[in-house]
Structure formats: C-alpha cells, structure tokens
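Participant: After the structure tokens below, expect a handful of questions from me.
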Amino acid sequence: MDPDPPIRIFVADDHPVVRQGLRAFLESRDGFEVVGEADDTERTVARVAELAPDIVLMDLVMPGAGGVAAIRRIRDRLPETRVIVLTSFASDDQVIPAVQAGAAGYLLKDVEPSGLEAAIRLVHRGEALLDPQIAQRVMDEVARPSTSGDLGALTPRELEVLRLLARGLSNRQLAEELVVSEKTVKTHVSSILMKLGVRDRTQAALVAVRSGLT
C-alpha cells in the first residue's frame, strides 16, 4: 500500500526565528512537508493561493491587513485549505474575529510541540481545535445573551465601521480603510458601543454577526 501523501504546511509569521524554528520542527516529523513561508499578510495570501497547502499556520499580528483579513481571503479562495492560528495573543478582539473568519484551529505559541503536531493532524482530518482557554472564551461569548440596541440607531457611517470592526480590523486598519484619522475611528467606535449598549468591540462584533450585518 502506498503511503499517505505528506501534509503540506505553509508558515506565516513575521519573526524569522519563529519561522525557522517551526520549519525545523515540522520537517523533523513524519508526514509533514513545509511548502513555503511568508512574513506579511499580502505575501501570505499570494503564496498560499499559488501553493494551495493543506494547512496554514498563521500568526495574527503581521504587517499588512492583519491575520484575520488574511484568513478570510484564504478561506474565500481556497476553502479546502485549513488555517490554524498560532499566536501569542488571546484577547477577545483577536479570538472571536479569527474564529468568525474561518480559522479551524486557534493555539497559543506556548503549546507543546507534541500538541502542535497533534493539532495539525486533527485539523487536517477535518476537525476543529481550540486551545482550552480560547474554547472557553468563545463559549462564553456565544452563550452570553445579547444586550444590543437597535442597529437602526446607527448612522450609515457607523454601520460601515461596525461591519469592518466585525472583520477584526484594528483602529489603524479601520482608519486606512475609511481614509480618516484614528481619532475619528475611535469616536465612531465609542458611539457604536454606546448606541448598542455593549461594553467592548467584541460584543459589538457579535451583534453585527447575529444581525447578519457581515
């Protein structure tokens, strides 16, 4: 019987030492092949589209549009490619948008090597995997009753900001997208939170998703 083909992996991280370490570890494991790497989101999306790997290991904080936007673009172009977030950040405004964007896994960089290997194999089989503390956070957010106000109270500009916010864009990225200052973005976000009656950006993003705004 012919052996199974290797799991083809792409590594996206803006730190060379991290990329080199991941490559060395992954290539030491049976059945893994690292087919490419990139250090920003634009190169990541372009190279992944070209190489069509099975798995992308994705840091969320990289130069460019950001990891969440890259996940969404990869999933749109290559629905068979599975993205595993591998990052140092576990904040709500990173976790929820990444899961909403289509990440099949979310791991913190302190994961044991054996845990990373197991996660890659699991996700490659079509399953989803979240770090336990991440899974609890997602469950808490989904289970929390909505306390949102009426989206009708938002101005067209605020609806536009909310739609982009739900995609996981930072204030800087929002400012670039809307061609306004970060101060203006902060004013819009504060107004949105007040009108919707929510406490933070993550809750506002969930309101957008539940309301079908995204």
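Ligands are numbered from 1 in the order shown, chains are lettered A, B, ... in the order of the structure tokens, and residues start at 1 in each chain.
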Please tabulate, as CSV, the residues of range 32-91 of chain A that come within 6 Å of range 98-106 of chain A, each with its closest pair of atoms and the distance in Å to one decimal, counting only C-alpha atoms and ordering rows by chain, then residue number upward.

Facilitator:
residue,atom,partner,partner_atom,distance
A:Val68,CA,A:Ala98,CA,5.2
A:Arg72,CA,A:Ala101,CA,5.0
A:Val83,CA,A:Ala103,CA,5.1
A:Ile84,CA,A:Gly105,CA,4.4
A:Val85,CA,A:Tyr106,CA,4.6

Participant: Neighbouring residues of range 129-131 of chain A were defined as those with any atom within 12 Å, considering only C-alpha atoms; residues of the same chain fewer than 3 positions away were excluded. Please report them as a PyMOL selection string.

Facilitator: chain A and resi 82-90+95-96+98-99+103-112+115-116+118-126+134-139

Participant: Using C-alpha atoms, can you write the selected residues to a file as a PDB file, in the first residue's frame?

Facilitator:
ATOM      1  CA  ARG A  82      -7.358  24.837   6.698  1.00  0.00           C
ATOM      2  CA  VAL A  83      -5.949  27.691   8.774  1.00  0.00           C
ATOM      3  CA  ILE A  84      -4.591  27.232  12.290  1.00  0.00           C
ATOM      4  CA  VAL A  85      -3.918  30.423  14.219  1.00  0.00           C
ATOM      5  CA  LEU A  86      -0.649  30.168  16.148  1.00  0.00           C
ATOM      6  CA  THR A  87      -0.175  33.352  18.101  1.00  0.00           C
ATOM      7  CA  SER A  88       0.846  34.893  21.410  1.00  0.00           C
ATOM      8  CA  PHE A  89      -2.440  36.777  21.719  1.00  0.00           C
ATOM      9  CA  ALA A  90      -5.609  35.532  23.380  1.00  0.00           C
ATOM     10  CA  VAL A  95     -10.077  35.387  19.111  1.00  0.00           C
ATOM     11  CA  ILE A  96     -13.686  35.932  18.068  1.00  0.00           C
ATOM     12  CA  ALA A  98     -10.418  34.856  13.829  1.00  0.00           C
ATOM     13  CA  VAL A  99     -12.949  32.112  14.553  1.00  0.00           C
ATOM     14  CA  ALA A 103      -9.913  29.542  11.418  1.00  0.00           C
ATOM     15  CA  ALA A 104     -10.111  25.798  12.021  1.00  0.00           C
ATOM     16  CA  GLY A 105      -7.767  25.969  14.999  1.00  0.00           C
ATOM     17  CA  TYR A 106      -6.520  28.556  17.485  1.00  0.00           C
ATOM     18  CA  LEU A 107      -3.393  27.780  19.502  1.00  0.00           C
ATOM     19  CA  LEU A 108      -1.120  29.883  21.661  1.00  0.00           C
ATOM     20  CA  LYS A 109       2.612  29.809  21.000  1.00  0.00           C
ATOM     21  CA  ASP A 110       3.313  28.198  24.355  1.00  0.00           C
ATOM     22  CA  VAL A 111       1.745  24.969  23.036  1.00  0.00           C
ATOM     23  CA  GLU A 112       3.913  21.886  23.472  1.00  0.00           C
ATOM     24  CA  GLY A 115       0.357  19.398  20.941  1.00  0.00           C
ATOM     25  CA  LEU A 116       1.076  21.357  17.772  1.00  0.00           C
ATOM     26  CA  ALA A 118      -1.455  16.593  17.074  1.00  0.00           C
ATOM     27  CA  ALA A 119      -3.435  19.749  16.251  1.00  0.00           C
ATOM     28  CA  ILE A 120      -2.165  19.809  12.661  1.00  0.00           C
ATOM     29  CA  ARG A 121      -3.114  16.168  12.136  1.00  0.00           C
ATOM     30  CA  LEU A 122      -6.528  16.703  13.732  1.00  0.00           C
ATOM     31  CA  VAL A 123      -7.369  19.781  11.685  1.00  0.00           C
ATOM     32  CA  HIS A 124      -6.129  18.077   8.519  1.00  0.00           C
ATOM     33  CA  ARG A 125      -8.708  15.343   9.157  1.00  0.00           C
ATOM     34  CA  GLY A 126     -11.410  17.992   9.030  1.00  0.00           C
ATOM     35  CA  ILE A 134      -9.700  30.021  23.937  1.00  0.00           C
ATOM     36  CA  ALA A 135     -12.545  27.499  23.678  1.00  0.00           C
ATOM     37  CA  GLN A 136     -13.972  28.661  26.996  1.00  0.00           C
ATOM     38  CA  ARG A 137     -13.814  32.288  25.890  1.00  0.00           C
ATOM     39  CA  VAL A 138     -15.654  31.525  22.649  1.00  0.00           C
ATOM     40  CA  MET A 139     -18.288  29.518  24.535  1.00  0.00           C
TER      41      MET A 139
END

Participant: For Phe32 in chain A, which residue among A:Glu50, A:Glu117, A:Glu177, A:Glu182 is the nearest when counting only C-alpha atoms?

Facilitator: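 Distance minimum relative to Phe32 in chain A lands on A:Glu117.
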
Participant: Between A:Gln94, A:Glu42, A:Val17, A:Arg8, which has the minimum distance to Asp54 in chain A (counting only C-alpha atoms)?

Facilitator: A:Arg8

Participant: Select, from A:Val209, A:Leu169, A:Leu26, A:Leu159, the residue with the minimum atom-to-atom distance to His188 in chain A, counting only C-alpha atoms.

Facilitator: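 Looking at the shortest contact to His188 in chain A, the residue is A:Leu159.
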
Participant: Just give me the gap between CA of Leu165 in chain A and CA of Thr44 in chain A in Å, one decimal is fine.

Facilitator: 21.9 Å

Participant: Going by DSSP on the backbone, which residues of range 11-206 of chain A come out as strand (DSSP E or B)? List them as a PyMOL selection string.

Facilitator: chain A and resi 11-12+32-38+55-58+82-87+105-108+129-130
